[in-house]
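For reference, the structure is listed below as structure tokens.
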Amino acid sequence: AVVSTQSTGYGVSEPDEDAVRKFVGAVQSEWRRITRGASPGEVQRAKNHLKTLMLAQCDGSTAVCEDIGRQMLTYGRRIPLAEIDARIEAVTPSVLKKVMEEYVYDRDPVIIGLGATEGLPDQLLVKFQQSSPLD
């Protein structure tokens with residue numbers, strides 16, 4: 001079964017070799033779909049969801065302090081909510097495509113496995129599948 005966790009992203013919870021291969025293929029297929037044809041409405045829904053999650057994470061003083069510390073380590077300063085909102089709102093389908101082309105496609109993928117990793121596809125195969133033309 002494929003599971004989603006807030007802290008680690010996605011993973012496969014069963015050691016079935018076929019499930020792992022299918023999972024990696026499904027993730028890559030979804031990346032291609034989003035890159036090729038994310039509609040403005042789909043991108044806007046994702047932006048709204050991200051902003052909701054970010055605000056919900058800062059629901060107490062401990063979480064706010066962690067957020068301040070994370071921002072200080074990453075940016076060297078506290079980023080105002082208005083700036084975070086502007087950065088998120090600047091994302092468009094064309095920006096998404098540009099970022100995917102620059103950081104995902106034709107790059108060496110990082111594959112991490114824990115436990116029964118026999119089903120993990122070969123890194124060269126994953127890289128080949130990520131080098132598929134976008135247009």
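Labels for the structure tokens follow display order: chains A, B, ..., residues from 1 in each chain, ligands from 1.
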Determine, counting only C-alpha atoms, which protein, DNA and RNA residues have an atom within 9 Å of an atom of A:Gln129; residues of the same chain fewer than 3 positions away are not included. Present the result as a list in words.
Gly25, Gln28, Tyr105, Leu124, Leu125, Val126 and Ser132 of chain A
Selection to disk with N, CA, C and O atoms, as a compact mmCIF listing (two decimals), in the first residue's frame:
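Once written, out.txt looks like this:
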```txt
# COMPACT_ATOMS: atom_id res chain seq x y z
N GLY A 25 6.94 4.37 -10.68
CA GLY A 25 6.40 4.71 -11.99
C GLY A 25 5.23 5.67 -11.90
O GLY A 25 5.11 6.60 -12.70
N GLN A 28 6.50 9.21 -11.09
CA GLN A 28 7.10 9.84 -12.26
C GLN A 28 6.03 10.22 -13.29
O GLN A 28 6.10 11.28 -13.91
N TYR A 105 14.02 16.72 -14.28
CA TYR A 105 14.31 15.98 -15.50
C TYR A 105 15.79 16.04 -15.85
O TYR A 105 16.45 17.05 -15.67
N LEU A 124 19.54 3.86 -12.92
CA LEU A 124 19.63 4.24 -14.34
C LEU A 124 18.27 4.18 -15.02
O LEU A 124 17.97 5.03 -15.86
N LEU A 125 17.44 3.20 -14.66
CA LEU A 125 16.10 3.12 -15.23
C LEU A 125 15.27 4.32 -14.80
O LEU A 125 14.57 4.93 -15.61
N VAL A 126 15.34 4.67 -13.52
CA VAL A 126 14.59 5.82 -13.03
C VAL A 126 15.07 7.10 -13.73
O VAL A 126 14.26 7.93 -14.16
N SER A 132 12.47 11.60 -20.06
CA SER A 132 11.49 11.61 -21.13
C SER A 132 11.19 13.04 -21.53
O SER A 132 11.08 13.92 -20.68
```
Residues at most 10 Å from A:Thr117, counting only C-alpha atoms, excluding those fewer than 3 positions away in the same chain, as a PyMOL selection string?
chain A and resi 15-17+20+112-114+120-121
Going by DSSP on the backbone, which bits of stretch 59-97 of chain A are helix (DSSP H, G or I)? Write them as an MDAnalysis selection string, please.
chainID A and resid 61:75 81:89 93:97
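Residue nearest A:Val95 within the list A:Val110, A:Phe23, A:Arg33, A:Pro40: A:Pro40 [criterion: smallest interatomic distance, only C-alpha atoms].
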Give me the residues near A:Gln57 as a list in words, where near means some atom within 9 Å (using only C-alpha atoms) and where sequence neighbours in that chain fewer than 6 positions away do not count.
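These residues fall inside the cut-off: Ala63, Val64 and Asp67 of chain A.
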If you keep C-alpha atoms, can you produce a file of those selected residues as a PDB file, in the first residue's frame?
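result26.pdb, written as the output of this step:
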```pdb
ATOM      1  CA  ALA A  63       5.315  25.378  16.362  1.00  0.00           C
ATOM      2  CA  VAL A  64       5.783  29.122  15.821  1.00  0.00           C
ATOM      3  CA  ASP A  67       9.042  27.959  12.193  1.00  0.00           C
TER       4      ASP A  67
END
```
Separation of atom CA of A:Gln123 from atom CA of A:Ala19, in Å and rounded to one decimal:
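Calculated distance between atom CA of A:Gln123 and atom CA of A:Ala19 is 16.7 Å.
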Could you give me, as a PyMOL selection string, each residue of chain A that DSSP assigns to strand (DSSP E) when run on this structure's backbone?
chain A and resi 2-5+9-12
Next, dump the selected residues to file, keeping only N, CA, C and O atoms, as a compact mmCIF listing (two decimals), in the first residue's frame.
```txt
# COMPACT_ATOMS: atom_id res chain seq x y z
N VAL A 2 0.45 2.26 -0.69
CA VAL A 2 1.16 3.52 -0.72
C VAL A 2 0.66 4.36 0.43
O VAL A 2 -0.55 4.46 0.66
N VAL A 3 1.56 4.94 1.17
CA VAL A 3 1.19 5.78 2.30
C VAL A 3 1.77 7.16 2.14
O VAL A 3 2.78 7.35 1.47
N SER A 4 1.12 8.14 2.72
CA SER A 4 1.59 9.51 2.69
C SER A 4 1.78 9.97 4.12
O SER A 4 0.89 9.78 4.94
N THR A 5 2.93 10.55 4.39
CA THR A 5 3.15 11.12 5.72
C THR A 5 3.56 12.56 5.56
O THR A 5 4.21 12.93 4.58
N GLY A 9 6.93 12.60 3.12
CA GLY A 9 6.49 12.50 1.75
C GLY A 9 5.73 11.21 1.52
O GLY A 9 4.84 10.87 2.27
N TYR A 10 6.12 10.47 0.49
CA TYR A 10 5.41 9.26 0.14
C TYR A 10 6.32 8.06 0.25
O TYR A 10 7.53 8.16 0.13
N GLY A 11 5.72 6.89 0.43
CA GLY A 11 6.49 5.68 0.50
C GLY A 11 5.59 4.48 0.29
O GLY A 11 4.38 4.60 0.21
N VAL A 12 6.19 3.34 0.17
CA VAL A 12 5.46 2.10 0.01
C VAL A 12 5.62 1.32 1.30
O VAL A 12 6.73 1.10 1.78
```
